[in-house]
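Okay, my_file-v5.cif now, which holds mmCIF, C-alpha atoms and all ligand atoms:
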data_start
loop_
_atom_site.group_PDB
_atom_site.id
_atom_site.type_symbol
_atom_site.label_atom_id
_atom_site.label_comp_id
_atom_site.auth_asym_id
_atom_site.auth_seq_id
_atom_site.Cartn_x
_atom_site.Cartn_y
_atom_site.Cartn_z
ATOM 1 C CA MET T 1 -11.758 20.397 16.338
ATOM 2 C CA ARG T 2 -10.339 16.891 16.818
ATOM 3 C CA LYS T 3 -8.401 16.384 20.028
ATOM 4 C CA ALA T 4 -5.105 14.593 19.397
ATOM 5 C CA ILE T 5 -4.364 11.255 21.045
ATOM 6 C CA ILE T 6 -0.925 9.941 21.954
ATOM 7 C CA ALA T 7 -1.251 6.227 22.675
ATOM 8 C CA GLY T 8 1.522 3.885 23.771
ATOM 9 C CA ASN T 9 1.458 0.324 22.473
ATOM 10 C CA TRP T 10 3.790 -1.534 24.798
ATOM 11 C CA LYS T 11 3.459 -4.864 22.973
ATOM 12 C CA MET T 12 5.003 -7.733 25.020
ATOM 13 C CA HIS T 13 6.907 -5.461 27.405
ATOM 14 C CA LYS T 14 6.672 -4.611 31.122
ATOM 15 C CA THR T 15 5.451 -6.495 34.157
ATOM 16 C CA ALA T 16 2.788 -5.150 36.515
ATOM 17 C CA ASP T 17 5.451 -3.588 38.771
ATOM 18 C CA GLU T 18 7.207 -1.940 35.837
ATOM 19 C CA THR T 19 3.857 -0.639 34.633
ATOM 20 C CA VAL T 20 3.059 0.958 37.990
ATOM 21 C CA ALA T 21 6.488 2.622 38.105
ATOM 22 C CA PHE T 22 6.024 3.966 34.558
ATOM 23 C CA VAL T 23 2.494 5.284 35.140
ATOM 24 C CA LYS T 24 3.499 6.963 38.412
ATOM 25 C CA GLN T 25 6.364 8.797 36.724
ATOM 26 C CA LEU T 26 4.309 9.791 33.710
ATOM 27 C CA ARG T 27 1.484 10.931 35.937
ATOM 28 C CA SER T 28 3.675 13.295 37.907
ATOM 29 C CA LYS T 29 5.168 14.765 34.711
ATOM 30 C CA LEU T 30 1.720 15.265 33.195
ATOM 31 C CA GLU T 31 0.338 16.988 36.277
ATOM 32 C CA SER T 32 2.532 20.022 35.720
ATOM 33 C CA ALA T 33 2.504 19.830 31.905
ATOM 34 C CA ASN T 34 -1.267 20.013 31.421
ATOM 35 C CA PRO T 35 -1.171 18.542 27.887
ATOM 36 C CA SER T 36 -3.761 19.351 25.249
ATOM 37 C CA CYS T 37 -3.908 15.776 23.911
ATOM 38 C CA GLU T 38 -5.443 12.591 25.278
ATOM 39 C CA VAL T 39 -2.851 10.179 26.662
ATOM 40 C CA LEU T 40 -3.155 6.389 26.654
ATOM 41 C CA VAL T 41 -0.822 3.610 27.727
ATOM 42 C CA GLY T 42 -1.183 0.065 26.385
ATOM 43 C CA PRO T 43 0.291 -2.533 28.779
ATOM 44 C CA PRO T 44 0.018 -6.278 28.175
ATOM 45 C CA PHE T 45 -2.984 -8.105 29.670
ATOM 46 C CA THR T 46 -1.120 -9.134 32.823
ATOM 47 C CA ALA T 47 -0.361 -5.506 33.724
ATOM 48 C CA LEU T 48 -3.701 -3.913 32.806
ATOM 49 C CA GLN T 49 -5.143 -4.022 36.296
ATOM 50 C CA ALA T 50 -2.018 -2.493 37.830
ATOM 51 C CA GLY T 51 -1.958 0.111 35.062
ATOM 52 C CA CYS T 52 -5.610 1.047 35.570
ATOM 53 C CA GLU T 53 -5.148 1.370 39.323
ATOM 54 C CA ALA T 54 -2.021 3.498 38.959
ATOM 55 C CA ALA T 55 -3.696 5.738 36.359
ATOM 56 C CA ASP T 56 -6.968 6.096 38.280
ATOM 57 C CA GLY T 57 -7.964 9.737 38.740
ATOM 58 C CA SER T 58 -5.393 11.016 36.226
ATOM 59 C CA ILE T 59 -5.756 11.966 32.561
ATOM 60 C CA ILE T 60 -4.009 8.723 31.542
ATOM 61 C CA GLY T 61 -6.325 6.189 29.915
ATOM 62 C CA VAL T 62 -5.500 2.512 29.571
ATOM 63 C CA ALA T 63 -5.812 0.541 26.335
ATOM 64 C CA ALA T 64 -5.664 -3.229 25.929
ATOM 65 C CA GLN T 65 -3.767 -4.557 22.915
ATOM 66 C CA ASN T 66 -6.339 -7.103 21.793
ATOM 67 C CA MET T 67 -9.483 -8.963 22.910
ATOM 68 C CA TYR T 68 -11.885 -11.619 21.689
ATOM 69 C CA TRP T 69 -15.393 -10.743 20.495
ATOM 70 C CA GLU T 70 -17.414 -13.238 22.562
ATOM 71 C CA THR T 71 -18.766 -12.375 26.009
ATOM 72 C CA SER T 72 -17.679 -15.604 27.713
ATOM 73 C CA GLY T 73 -17.349 -19.303 26.963
ATOM 74 C CA ALA T 74 -14.925 -22.059 26.005
ATOM 75 C CA PHE T 75 -12.249 -19.925 24.314
ATOM 76 C CA THR T 76 -9.031 -20.941 26.051
ATOM 77 C CA GLY T 77 -6.536 -18.139 26.325
ATOM 78 C CA GLU T 78 -8.902 -15.382 25.252
ATOM 79 C CA ILE T 79 -10.084 -12.224 27.032
ATOM 80 C CA SER T 80 -13.567 -10.721 26.624
ATOM 81 C CA PRO T 81 -14.526 -7.044 26.261
ATOM 82 C CA GLY T 82 -16.324 -7.119 29.617
ATOM 83 C CA MET T 83 -13.172 -8.378 31.341
ATOM 84 C CA LEU T 84 -11.352 -5.290 30.073
ATOM 85 C CA THR T 85 -14.007 -2.780 31.091
ATOM 86 C CA ALA T 86 -14.196 -4.422 34.529
ATOM 87 C CA LEU T 87 -10.547 -3.450 35.019
ATOM 88 C CA GLY T 88 -11.152 0.123 33.903
ATOM 89 C CA CYS T 89 -9.763 -0.038 30.358
ATOM 90 C CA SER T 90 -11.223 2.649 28.091
ATOM 91 C CA HIS T 91 -9.713 1.615 24.740
ATOM 92 C CA VAL T 92 -8.621 -1.497 22.883
ATOM 93 C CA ILE T 93 -6.110 -1.677 20.021
ATOM 94 C CA LEU T 94 -7.475 -3.982 17.310
ATOM 95 C CA GLY T 95 -5.996 -5.442 14.134
ATOM 96 C CA HIS T 96 -2.408 -4.388 14.773
ATOM 97 C CA SER T 97 -0.211 -5.578 11.901
ATOM 98 C CA GLU T 98 1.681 -7.916 14.258
ATOM 99 C CA ARG T 99 -1.607 -9.617 15.132
ATOM 100 C CA ARG T 100 -2.485 -9.838 11.463
ATOM 101 C CA ALA T 101 0.943 -11.245 10.512
ATOM 102 C CA TYR T 102 1.703 -13.608 13.425
ATOM 103 C CA PHE T 103 -1.773 -14.528 14.670
ATOM 104 C CA LEU T 104 -3.581 -14.543 11.331
ATOM 105 C CA GLU T 105 -6.164 -11.890 12.170
ATOM 106 C CA SER T 106 -8.347 -11.003 9.210
ATOM 107 C CA ASP T 107 -10.469 -7.974 8.383
ATOM 108 C CA ASP T 108 -13.437 -10.129 9.305
ATOM 109 C CA SER T 109 -12.175 -10.960 12.808
ATOM 110 C CA VAL T 110 -11.158 -7.327 13.315
ATOM 111 C CA ASN T 111 -14.693 -6.326 12.307
ATOM 112 C CA LYS T 112 -16.252 -8.664 14.889
ATOM 113 C CA LYS T 113 -13.934 -7.266 17.563
ATOM 114 C CA VAL T 114 -14.700 -3.642 16.656
ATOM 115 C CA LYS T 115 -18.438 -4.278 17.026
ATOM 116 C CA ALA T 116 -17.980 -6.171 20.313
ATOM 117 C CA ALA T 117 -15.785 -3.381 21.690
ATOM 118 C CA GLN T 118 -18.397 -0.760 20.849
ATOM 119 C CA GLU T 119 -21.231 -2.837 22.308
ATOM 120 C CA ASN T 120 -19.269 -3.039 25.557
ATOM 121 C CA GLY T 121 -18.367 0.631 25.785
ATOM 122 C CA LEU T 122 -14.710 0.274 24.775
ATOM 123 C CA ILE T 123 -13.231 2.642 22.198
ATOM 124 C CA PRO T 124 -11.566 0.606 19.449
ATOM 125 C CA ILE T 125 -8.313 1.798 17.879
ATOM 126 C CA VAL T 126 -8.435 0.040 14.529
ATOM 127 C CA CYS T 127 -5.033 -0.430 12.886
ATOM 128 C CA VAL T 128 -4.514 -0.510 9.132
ATOM 129 C CA GLY T 129 -1.435 -0.293 6.939
ATOM 130 C CA GLU T 130 0.391 -1.734 3.959
ATOM 131 C CA THR T 131 3.586 -3.799 3.792
ATOM 132 C CA LEU T 132 6.681 -2.587 1.938
ATOM 133 C CA GLU T 133 5.952 -4.992 -0.929
ATOM 134 C CA GLU T 134 2.412 -3.656 -1.235
ATOM 135 C CA ARG T 135 3.685 -0.064 -1.271
ATOM 136 C CA GLU T 136 6.282 -0.885 -3.903
ATOM 137 C CA ARG T 137 3.655 -2.581 -6.061
ATOM 138 C CA GLY T 138 1.489 0.562 -5.830
ATOM 139 C CA GLU T 139 -1.160 -1.222 -3.752
ATOM 140 C CA THR T 140 -1.197 1.004 -0.658
ATOM 141 C CA PHE T 141 -4.640 2.544 -1.217
ATOM 142 C CA ASP T 142 -6.083 -0.767 -2.278
ATOM 143 C CA ARG T 143 -4.845 -2.547 0.835
ATOM 144 C CA VAL T 144 -5.776 0.201 3.272
ATOM 145 C CA GLY T 145 -9.140 0.658 1.555
ATOM 146 C CA ARG T 146 -9.957 -3.033 2.012
ATOM 147 C CA GLN T 147 -8.881 -2.972 5.667
ATOM 148 C CA ILE T 148 -11.141 0.027 6.316
ATOM 149 C CA SER T 149 -14.173 -1.318 4.467
ATOM 150 C CA GLY T 150 -13.784 -4.838 5.922
ATOM 151 C CA GLY T 151 -12.850 -3.799 9.441
ATOM 152 C CA LEU T 152 -15.635 -1.221 9.672
ATOM 153 C CA ASP T 153 -18.314 -3.191 7.840
ATOM 154 C CA LYS T 154 -21.689 -2.319 9.435
ATOM 155 C CA VAL T 155 -19.899 -0.408 12.192
ATOM 156 C CA GLU T 156 -21.947 2.614 13.220
ATOM 157 C CA VAL T 157 -20.591 5.913 14.448
ATOM 158 C CA THR T 158 -22.914 7.752 16.788
ATOM 159 C CA ASP T 159 -20.127 9.632 18.545
ATOM 160 C CA PRO T 160 -16.991 10.192 16.414
ATOM 161 C CA GLU T 161 -14.893 10.356 19.582
ATOM 162 C CA ARG T 162 -15.623 6.673 20.208
ATOM 163 C CA LEU T 163 -13.903 5.141 17.189
ATOM 164 C CA VAL T 164 -10.233 5.705 16.355
ATOM 165 C CA ILE T 165 -8.256 4.624 13.287
ATOM 166 C CA ALA T 166 -4.479 4.147 13.286
ATOM 167 C CA TYR T 167 -2.560 4.161 10.008
ATOM 168 C CA GLU T 168 0.608 2.171 10.585
ATOM 169 C CA PRO T 169 2.645 1.337 7.486
ATOM 170 C CA VAL T 170 4.170 -2.059 8.315
ATOM 171 C CA TRP T 171 7.550 -1.005 6.879
ATOM 172 C CA ALA T 172 7.764 1.830 9.403
ATOM 173 C CA ILE T 173 6.986 -0.215 12.524
ATOM 174 C CA GLY T 174 9.994 -0.823 14.741
ATOM 175 C CA THR T 175 12.366 -0.082 11.865
ATOM 176 C CA GLY T 176 13.313 3.509 12.647
ATOM 177 C CA LYS T 177 12.057 4.333 9.143
ATOM 178 C CA THR T 178 9.199 6.775 9.728
ATOM 179 C CA ALA T 179 6.871 7.680 6.884
ATOM 180 C CA THR T 180 7.545 11.278 5.884
ATOM 181 C CA PRO T 181 4.788 13.708 6.869
ATOM 182 C CA ASP T 182 3.814 13.853 3.167
ATOM 183 C CA GLN T 183 3.645 10.056 2.816
ATOM 184 C CA ALA T 184 1.566 9.751 5.970
ATOM 185 C CA GLN T 185 -0.749 12.667 5.148
ATOM 186 C CA GLU T 186 -1.441 11.232 1.694
ATOM 187 C CA VAL T 187 -2.794 8.002 3.206
ATOM 188 C CA HIS T 188 -4.540 9.784 6.082
ATOM 189 C CA ALA T 189 -6.361 12.009 3.572
ATOM 190 C CA PHE T 190 -7.401 8.894 1.638
ATOM 191 C CA ILE T 191 -8.719 7.279 4.846
ATOM 192 C CA ARG T 192 -10.516 10.513 5.746
ATOM 193 C CA GLU T 193 -12.229 10.515 2.373
ATOM 194 C CA LEU T 194 -13.422 6.929 2.902
ATOM 195 C CA LEU T 195 -14.700 7.797 6.375
ATOM 196 C CA VAL T 196 -16.543 10.905 5.162
ATOM 197 C CA ARG T 197 -18.148 8.849 2.411
ATOM 198 C CA LYS T 198 -19.212 6.234 4.966
ATOM 199 C CA TYR T 199 -20.195 8.397 7.927
ATOM 200 C CA GLY T 200 -21.011 11.749 6.343
ATOM 201 C CA GLU T 201 -19.133 15.013 6.695
ATOM 202 C CA GLU T 202 -19.696 15.373 10.427
ATOM 203 C CA GLY T 203 -18.942 11.768 11.371
ATOM 204 C CA GLY T 204 -16.000 11.293 9.022
ATOM 205 C CA SER T 205 -14.310 14.569 9.796
ATOM 206 C CA GLY T 206 -14.767 14.033 13.534
ATOM 207 C CA LEU T 207 -12.920 10.694 13.692
ATOM 208 C CA ARG T 208 -9.306 10.694 14.848
ATOM 209 C CA ILE T 209 -6.739 9.038 12.565
ATOM 210 C CA LEU T 210 -3.464 8.321 14.365
ATOM 211 C CA TYR T 211 -0.145 7.663 12.657
ATOM 212 C CA GLY T 212 2.075 4.841 13.904
ATOM 213 C CA GLY T 213 5.530 3.645 12.867
ATOM 214 C CA SER T 214 8.749 4.839 14.495
ATOM 215 C CA VAL T 215 7.184 7.945 16.050
ATOM 216 C CA LYS T 216 9.825 9.708 18.189
ATOM 217 C CA PRO T 217 9.974 13.087 19.924
ATOM 218 C CA ASP T 218 11.982 14.573 17.053
ATOM 219 C CA ASN T 219 9.615 13.577 14.243
ATOM 220 C CA THR T 220 6.340 14.192 16.094
ATOM 221 C CA LYS T 221 5.869 17.861 15.265
ATOM 222 C CA GLY T 222 6.300 17.381 11.501
ATOM 223 C CA LEU T 223 3.767 14.559 11.421
ATOM 224 C CA MET T 224 1.222 16.193 13.722
ATOM 225 C CA SER T 225 1.244 19.469 11.805
ATOM 226 C CA ARG T 226 -0.469 17.730 8.884
ATOM 227 C CA PRO T 227 -4.232 18.273 8.629
ATOM 228 C CA ASP T 228 -5.396 14.659 8.842
ATOM 229 C CA ILE T 229 -2.892 13.327 11.385
ATOM 230 C CA ASP T 230 -4.575 13.428 14.772
ATOM 231 C CA GLY T 231 -2.005 11.843 17.027
ATOM 232 C CA GLY T 232 0.278 8.856 17.271
ATOM 233 C CA LEU T 233 0.264 5.181 18.158
ATOM 234 C CA VAL T 234 3.729 4.759 19.582
ATOM 235 C CA GLY T 235 5.581 1.484 20.121
ATOM 236 C CA GLY T 236 9.284 1.584 21.012
ATOM 237 C CA ALA T 237 9.320 5.217 22.137
ATOM 238 C CA SER T 238 6.390 4.620 24.500
ATOM 239 C CA LEU T 239 8.468 2.322 26.708
ATOM 240 C CA LYS T 240 10.617 5.086 28.190
ATOM 241 C CA VAL T 241 8.861 7.776 30.172
ATOM 242 C CA ASP T 242 11.120 10.569 28.892
ATOM 243 C CA ASP T 243 10.606 9.672 25.226
ATOM 244 C CA PHE T 244 6.871 9.194 25.599
ATOM 245 C CA PHE T 245 6.498 12.418 27.572
ATOM 246 C CA GLY T 246 8.663 14.161 24.957
ATOM 247 C CA ILE T 247 6.213 13.117 22.240
ATOM 248 C CA ILE T 248 3.257 14.371 24.307
ATOM 249 C CA GLN T 249 4.999 17.704 24.788
ATOM 250 C CA GLU T 250 5.640 18.057 21.035
ATOM 251 C CA VAL T 251 1.909 17.676 20.422
ATOM 252 C CA SER T 252 0.932 20.094 23.154
HETATM 253 P P1 LIG T 301 7.027 1.587 16.729
HETATM 254 O O1 LIG T 301 5.675 0.716 16.809
HETATM 255 O O2 LIG T 301 6.697 2.960 17.238
HETATM 256 O O3 LIG T 301 8.018 0.873 17.586
HETATM 257 O O4 LIG T 301 7.420 1.630 15.289
HETATM 258 C C1 LIG T 301 4.428 1.268 16.511
HETATM 259 C C2 LIG T 301 3.354 0.224 16.644
HETATM 260 O O5 LIG T 301 3.591 -0.936 16.302
HETATM 261 O O6 LIG T 301 2.224 0.520 17.110
#
Would you mind writing the file out in structure tokens?
Ligand code: PGA
Amino acid sequence: MRKAIIAGNWKMHKTADETVAFVKQLRSKLESANPSCEVLVGPPFTALQAGCEAADGSIIGVAAQNMYWETSGAFTGEISPGMLTALGCSHVILGHSERRAYFLESDDSVNKKVKAAQENGLIPIVCVGETLEERERGETFDRVGRQISGGLDKVEVTDPERLVIAYEPVWAIGTGKTATPDQAQEVHAFIRELLVRKYGEEGGSGLRILYGGSVKPDNTKGLMSRPDIDGGLVGGASLKVDDFFGIIQEVS
């Protein structure tokens, strides 16, 4: 049985103080709610330490939104995996479509980051997804298939709980246009098939595949009721405690 994950991707939002206030509020709501899913918040780099400290001892895990694959060195502006684990981060979001579009990340660089995350004990959340043009041209499976095979090239799975995939159709991110549960399930099932082929029945069926793209409290239940949708990567609705908590409650 795969345990669902609800992960917030805060993008370039919230200072350290705002992060602490958010985590404190969420923490007190979660204490009485006892949710059945894993809960992650994803503050920007500058608020990770504050977020980890505020979440310490609770069920809330902290994810970084990116990292570089090298351990240390002359890489101005970059952050290493070890710097994230030293703060207490458990997860790292990799290959988000905004990083691919604005910062030219490729499947190859995502692949290097996935391996470096695993070597350093971080759980990667690997994002894949097609653009609207690709969907309209009938290239969704092709695009997502290449992102999975490139991003996970020579990536091993010894514990299926320690690698997470997020399917995020680019046309659904920040647009209010969620994929229907059928549209999402169709791609999730395709990804599942690729993962089972790569990692065997046990490995592939144990991996969590999250859906991302305009997830809100009122569309969560429909999406999460589908067999291959194991949680959500939430952007806009993860910035307000009530909305984010509402999504967690819909899953529980
Ligand atoms: P959104 O973002 O929920 O605001 O659409 C999701 C994401 O980019 O991870």
Report the residues retrieved by the PyMOL selection byres (((chain T and resi 217) around 10) and not hetatm) from the displayed file, expressed as a PyMOL selection string.
chain T and resi 214-216+218-221+237+242-251
Select all residues near (-16.0, -8.9, 17.4) (cut-off 10 Å, inclusive, file coordinates), counting only C-alpha atoms, and output them as a count of residues only.
21
Around ligand LIG 301 (chain T), out to 9 Å and counting only C-alpha atoms and all ligand atoms, which residues are there? I want them as an NGL selection string.
:T and (7-11 or 96-98 or 127 or 166 or 168 or 170-178 or 211-216 or 232-238)
One-decimal distance in Å that lies between CA of His188 (chain T) and CA of Val144 (chain T):
10.1 Å
Please enclose the listed atoms of region 7-17 of chain T in an axis-aligned box, pad each side by 8 Å, and write out the centre and the three edge lengths in Å, rounded to one decimal, as AutoDock Vina command-line options.
--center_x 2.8 --center_y -0.8 --center_z 30.6 --size_x 24.2 --size_y 30.0 --size_z 32.3
Explicit residue set for the PyMOL selection byres (((chain T and resi 22-39) around 8) and not hetatm), as an NGL selection string:
:T and (3-7 or 18-21 or 40-41 or 51 or 54-55 or 58-61 or 240-241 or 245 or 248-249 or 251-252)
Distance in Å - CA of Gly150 (chain T) versus CA of Thr85 (chain T)
25.3 Å
Kindly resolve the PyMOL selection byres (((chain T and resi 156) around 10) and not hetatm) on the present coordinates and return the residues as a ChimeraX atom specification.
/T:115,118,152-155,157-160,163,198-199,203
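Interatomic distance, CA of Ile209 (chain T) to CA of Ile229 (chain T): 5.9 Å.
Residues surrounding region 189-194 of chain T within 10 Å are Val128, Phe141, Val144, Gly145, Ile148, Ser149, Ile165, Ala166, Tyr167, Ala184, Gln185, Glu186, Val187, Val196, Arg197, Lys198, Tyr199, Gly200, Glu201, Gly204, Ser205, Gly206, Leu207, Arg208, Ile209, Arg226, Pro227, Asp228 and Ile229 of chain T [only C-alpha atoms; sequence separation below 2 positions excluded].
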Between T:Asn66, T:Thr131, T:Thr15, T:Thr180, single out the one closest to Gly95 (chain T), counting all atoms listed in the file.
T:Asn66
Counting all atoms listed in the file, figure out which residue out of T:Ile93, T:Ile125, T:Leu223, T:Val62 gets nearest to Ala50 (chain T).
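Comparing T:Ile93, T:Ile125, T:Leu223, T:Val62 against Ala50 (chain T), the winner is T:Val62.
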My list of candidates is T:Arg135, T:Ser106, T:Gly73, T:Leu48. Which is closest to Ala86 (chain T) when distances are computed with all atoms listed in the file?
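Among T:Arg135, T:Ser106, T:Gly73, T:Leu48, it is T:Leu48 that comes nearest to Ala86 (chain T).
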